[in-house]
Structures are given as C-alpha cells and as structure tokens.
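Here is the file run36.cif (mmCIF, C-alpha atoms).
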data_target
loop_
_atom_site.label_atom_id
_atom_site.label_comp_id
_atom_site.auth_asym_id
_atom_site.auth_seq_id
_atom_site.Cartn_x
_atom_site.Cartn_y
_atom_site.Cartn_z
CA MET N 1 -12.58 -94.96 -10.86
CA SER N 2 -9.86 -97.45 -10.50
CA ARG N 3 -10.69 -101.05 -9.76
CA LYS N 4 -8.88 -101.06 -6.40
CA MET N 5 -10.87 -98.10 -5.13
CA GLU N 6 -14.18 -99.68 -6.12
CA ASP N 7 -13.26 -102.86 -4.26
CA TYR N 8 -12.29 -100.89 -1.17
CA ILE N 9 -15.62 -99.03 -1.16
CA ARG N 10 -17.61 -102.29 -1.51
CA GLU N 11 -15.73 -103.92 1.33
CA HIS N 12 -16.12 -100.96 3.69
CA LYS N 13 -19.59 -99.86 2.63
CA LYS N 14 -21.18 -100.65 5.95
CA ALA N 15 -18.62 -98.49 7.75
CA PHE N 16 -19.53 -95.58 5.52
CA ASP N 17 -23.27 -96.09 6.06
CA LEU N 18 -23.05 -96.49 9.83
CA GLU N 19 -21.27 -93.31 10.60
CA ALA N 20 -23.40 -90.18 10.52
CA PRO N 21 -22.59 -86.58 11.43
CA SER N 22 -22.86 -85.79 15.09
CA GLU N 23 -25.88 -84.08 16.60
CA ALA N 24 -23.78 -81.01 17.39
CA LEU N 25 -22.92 -80.62 13.72
CA TRP N 26 -26.59 -80.93 12.74
CA ALA N 27 -27.55 -78.36 15.36
CA LYS N 28 -24.94 -75.95 14.06
CA ILE N 29 -26.16 -76.42 10.48
CA ASP N 30 -29.76 -75.92 11.66
CA GLN N 31 -28.83 -72.67 13.41
CA GLN N 32 -27.14 -71.37 10.25
CA LEU N 33 -30.24 -72.16 8.19
CA ASP N 34 -32.56 -70.42 10.62
CA LYS N 35 -30.54 -67.22 10.73
CA LYS N 36 -31.80 -64.59 8.35
CA LYS N 37 -29.25 -62.70 6.42
CA LYS N 38 -28.79 -59.28 7.95
CA THR N 39 -29.45 -56.53 5.44
CA ARG N 40 -28.51 -52.94 5.65
CA PRO N 41 -31.46 -50.60 5.69
CA PHE N 42 -31.92 -48.62 2.47
CA ASN N 43 -30.78 -45.07 3.17
CA LEU N 44 -32.77 -42.85 0.80
CA ASN N 45 -31.09 -39.64 1.97
CA LEU N 46 -27.67 -40.99 1.12
CA TRP N 47 -28.69 -41.98 -2.40
CA MET N 48 -30.50 -38.70 -2.98
CA GLY N 49 -27.38 -36.82 -1.90
CA ILE N 50 -25.21 -38.82 -4.26
CA ALA N 51 -27.64 -38.25 -7.14
CA ALA N 52 -27.82 -34.51 -6.44
CA SER N 53 -24.02 -34.29 -6.33
CA LEU N 54 -23.71 -36.03 -9.67
CA VAL N 55 -26.31 -33.72 -11.25
CA LEU N 56 -24.47 -30.65 -9.95
CA ILE N 57 -21.10 -31.89 -11.19
CA ALA N 58 -22.58 -32.65 -14.62
CA ALA N 59 -24.25 -29.23 -14.78
CA PHE N 60 -21.08 -27.33 -13.83
CA THR N 61 -19.00 -29.35 -16.28
CA PHE N 62 -21.49 -28.68 -19.08
CA MET N 63 -21.64 -24.96 -18.34
CA TYR N 64 -17.85 -24.64 -18.12
CA THR N 65 -17.15 -26.47 -21.38
CA ARG N 66 -19.94 -24.60 -23.15
CA HIS N 67 -18.51 -21.28 -21.96
CA GLN N 68 -15.04 -22.25 -23.12
CA LYS N 69 -16.28 -23.21 -26.59
CA HIS N 70 -18.10 -19.93 -27.14
CA LYS N 71 -15.39 -17.70 -25.77
CA GLN N 72 -13.91 -15.82 -28.71
CA ILE N 73 -10.37 -14.55 -28.67
CA ASP N 74 -10.11 -11.10 -30.17
CA VAL N 75 -7.03 -9.53 -31.65
CA ALA N 76 -7.03 -6.92 -28.88
CA ASP N 77 -6.85 -9.72 -26.28
CA ILE N 78 -3.49 -10.76 -27.66
CA SER N 79 -1.98 -7.44 -28.70
CA THR N 80 -3.58 -4.05 -28.14
CA ALA N 81 -1.43 -2.43 -30.81
CA LEU N 82 -2.44 -4.97 -33.43
CA GLY N 83 -6.05 -4.74 -32.24
CA GLU N 84 -6.03 -0.97 -32.79
CA LYS N 85 -4.43 -1.47 -36.19
CA GLU N 86 -7.10 -4.00 -37.13
CA ALA N 87 -9.90 -1.67 -36.03
CA ARG N 88 -8.40 1.25 -37.98
CA PHE N 89 -8.09 -0.82 -41.16
CA ALA N 90 -11.61 -2.22 -40.75
CA SER N 91 -13.14 1.25 -40.41
CA MET N 92 -11.18 2.55 -43.42
CA ILE N 93 -12.31 -0.45 -45.47
CA ASP N 94 -15.95 0.15 -44.51
CA GLU N 95 -15.68 3.82 -45.55
CA LYS N 96 -14.06 2.92 -48.87
CA LYS N 97 -16.66 0.20 -49.55
CA ASP N 98 -19.42 2.76 -49.08
CA SER N 99 -17.67 5.08 -51.54
CA LEU N 100 -17.21 2.19 -53.93
CA LYS N 101 -20.94 1.37 -53.80
CA ALA N 102 -21.83 4.99 -54.47
CA LEU N 103 -19.53 5.20 -57.48
CA ALA N 104 -20.50 1.74 -58.71
CA ASP N 105 -24.07 2.76 -59.58
CA ASP N 106 -22.83 3.90 -62.98
CA ASN N 107 -20.86 0.64 -63.57
CA PRO N 108 -22.66 -2.33 -61.96
CA ASP N 109 -20.74 -4.94 -64.00
CA LEU N 110 -17.41 -3.56 -62.91
CA TYR N 111 -18.63 -3.41 -59.32
CA GLN N 112 -19.65 -7.10 -59.47
CA LYS N 113 -16.12 -8.07 -60.54
CA PHE N 114 -14.62 -6.01 -57.76
CA SER N 115 -17.05 -7.47 -55.21
CA ALA N 116 -15.97 -11.00 -56.05
CA ASP N 117 -12.37 -10.19 -55.12
CA LEU N 118 -13.39 -8.47 -51.90
CA ASN N 119 -15.71 -11.30 -50.95
CA GLN N 120 -12.86 -13.79 -51.31
CA LEU N 121 -10.63 -11.66 -49.11
CA ASP N 122 -13.45 -11.34 -46.55
CA LYS N 123 -13.82 -15.13 -46.55
CA ASP N 124 -10.07 -15.54 -46.05
CA TYR N 125 -10.22 -13.04 -43.20
CA ALA N 126 -13.06 -14.98 -41.54
CA ASP N 127 -11.05 -18.20 -41.89
CA LEU N 128 -8.05 -16.54 -40.26
CA LYS N 129 -10.26 -15.33 -37.42
CA LYS N 130 -11.46 -18.90 -36.84
CA GLU N 131 -7.89 -20.16 -36.95
CA LEU N 132 -6.90 -17.58 -34.35
CA GLN N 133 -9.03 -19.39 -31.76
CA HIS N 134 -6.94 -22.58 -31.94
CA SER N 135 -3.59 -21.50 -33.29
CA PRO N 136 -0.47 -22.03 -31.19
CA ASN N 137 1.16 -19.02 -32.91
CA GLN N 138 -1.55 -16.40 -32.57
CA LYS N 139 0.69 -13.42 -33.34
CA LEU N 140 1.46 -14.87 -36.77
CA VAL N 141 -2.23 -15.33 -37.50
CA ILE N 142 -2.96 -11.77 -36.38
CA GLU N 143 -0.24 -10.44 -38.67
CA ALA N 144 -1.83 -12.37 -41.53
CA MET N 145 -5.22 -10.87 -40.62
CA VAL N 146 -3.80 -7.33 -40.63
CA GLN N 147 -2.04 -8.03 -43.92
CA ASN N 148 -5.36 -9.26 -45.37
CA LEU N 149 -7.00 -5.99 -44.30
CA GLN N 150 -4.14 -4.00 -45.87
CA ILE N 151 -4.61 -5.87 -49.14
CA GLN N 152 -8.36 -5.24 -49.02
CA LEU N 153 -7.71 -1.53 -48.53
CA GLN N 154 -5.23 -1.43 -51.42
CA ILE N 155 -7.64 -3.25 -53.73
CA ILE N 156 -10.52 -0.94 -52.81
CA ASN N 157 -8.33 2.11 -53.43
CA GLN N 158 -7.35 0.70 -56.84
CA GLN N 159 -10.98 -0.07 -57.63
CA LEU N 160 -12.02 3.44 -56.67
CA SER N 161 -9.39 4.93 -58.93
CA VAL N 162 -10.46 2.65 -61.81
CA ILE N 163 -14.11 3.61 -61.36
CA ASN N 164 -13.20 7.29 -61.17
CA GLU N 165 -11.20 6.98 -64.42
CA VAL N 166 -14.07 5.15 -66.13
CA ASN N 167 -16.56 7.75 -64.98
CA THR N 168 -14.23 10.58 -66.06
CA SER N 169 -13.75 9.03 -69.48
CA LYS N 170 -17.54 8.57 -69.87
CA LYS N 171 -18.07 12.26 -69.03
CA ASP N 172 -15.37 13.28 -71.50
CA ASN N 173 -16.94 11.16 -74.25
CA GLN N 174 -20.36 12.69 -73.63
CA ILE N 175 -19.10 16.21 -74.16
#
This structure in structure tokens:
Amino acid sequence: MSRKMEDYIREHKKAFDLEAPSEALWAKIDQQLDKKKKTRPFNLNLWMGIAASLVLIAAFTFMYTRHQKHKQIDVADISTALGEKEARFASMIDEKKDSLKALADDNPDLYQKFSADLNQLDKDYADLKKELQHSPNQKLVIEAMVQNLQIQLQIINQQLSVINEVNTSKKDNQI
C-alpha cells in the first residue's frame, strides 16, 4: 500500500472500528443462512423415459445401418437385361465346367493349368461384384462383369477343344 493510505487508515481507525452493520442487515443475512436451498424432487419416471428413448434410438440406428451394410446389389437390380445376360452366361459356364471336369480325368495336369486361369477369372469376377456395391458407375462395372463371364466361356470352350484334340490324338496313337 502507499504510505498516504496507511497513514489515513491509522488516523481513522477508530471510525472504522466503531461502525458496525445495522441489525436489519444482520437479520437479513441470518434469514438467508437459515433458508434451505430448494431442490427439485428426483423424477424417476422422467429419467426412465429418457433412457428408454435413447435405447430405442440406438437399437433402430444399429439395425438400420446393419441392414444397409448387408444389402447386396444384384445385377438384375440395376438392369434386368444385363441380369438375364449374366445368368445365361453363368449357367453356360457351369455346364461347360462340368464337361471340362469329365474330360479332364484323362489329363489331370492339363486340367490343373486350365483351372488356374479360370480361378483367376473367378476371383476377378468376385472383385467386380464387390466393387458393384460401392461404384458410382454401376453399369460400367456390370459390363465388365459380363465381359469377364464371356471371357470365361471362351476360355472353357478353347480348353474343351484342346482336351478333345488331346484325347483324339491319344486314341489315334493307341490304334
């Protein structure tokens, strides 16, 4: 503190000590101390309702997002014509693969080489099918899928003709 202020306080100390707060002020302070703080009663029903609402919202959100993740988009959902084309190629490929397996009993090594190519194309097809779910240009992906199936069919036809030629040449050599 500054020196002047200290001197002023010393000179007027008795004036500070003599004056006290009025009785009315003390009574008002006393009343405030005696009052208990009003509290709201705890409403259990309200909190249970809020908790139940939050559980329901969380459950619906979980079920909706889970349903959206597992929903698969099929080719037929986008284009029925391309879906029919895909189904036709897939059934033809399955028939040809069965024929290939039947003819491959005589040439298992050759069949193994052919299977590697088909397995790679099948893997590519599965990748395209996964990409279809998130692609902004789904028609382009579907066209690539159909093209993949066409290539598979061409390769199987070529493999069948090679196996038939090998089997024919083996028969000719045996005679």
Take every atom of segment 48-58 of chain N listed in the file, fit an axis-aligned box around them, add 8 Å per side, and give the centre and edge lengths in Å to one decimal as JSON.
{"center_x": -25.8, "center_y": -34.7, "center_z": -8.3, "size_x": 25.4, "size_y": 24.2, "size_z": 28.7}
I'd like the interatomic distance between atom CA of Leu128 of chain N and atom CA of Gln147 of chain N, to a tenth of an Å.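 Atom CA of Gln147 of chain N lies 11.0 Å from atom CA of Leu128 of chain N.
Between Met145 of chain N and the candidates N:Glu11, N:Glu6, N:Glu131, N:Asp98, the tightest atom-to-atom separation, counting only C-alpha atoms, involves N:Glu131.
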Mind giving me the straight-line distance from atom CA of Met5 of chain N to atom CA of Pro21 of chain N in Å, one decimal?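 Atom CA of Pro21 of chain N lies at a distance of 23.3 Å from atom CA of Met5 of chain N.
Atom pair atom CA of Lys129 of chain N / atom CA of Phe114 of chain N has a distance of 22.8 Å (rounded to one decimal).
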Could you write out as a ChimeraX atom specification the residues that the PyMOL selection byres ((chain N and resi 89) around 12) matches in the shown file? /N:82-88,90-96,145-154,156
Nearest residue to Leu110 of chain N from the set N:Gln138, N:Ser53, N:Asn45, N:Asn164 (distances using only C-alpha atoms):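 Residue with the minimum atom-to-atom distance to Leu110 of chain N: N:Asn164.
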Within 10 Å of Ser115 of chain N, counting only C-alpha atoms, which residues qualify if same-chain residues fewer than 5 places away don't, as a list in words?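 The neighbour list is Lys97, Leu100, Lys101, Asp109, Leu110, Gln120, Leu121, Ile156 and Gln159 of chain N.
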So, with only C-alpha atoms as the atoms that count, which of N:His12, N:Lys139, N:Ala58, N:Ile155 lies closest to Asn119 of chain N? N:Ile155
Taking all atoms listed in the file into account, which of N:Ser22, N:Ala81, N:Leu118, N:Ser169 comes nearest Glu143 of chain N? N:Ala81
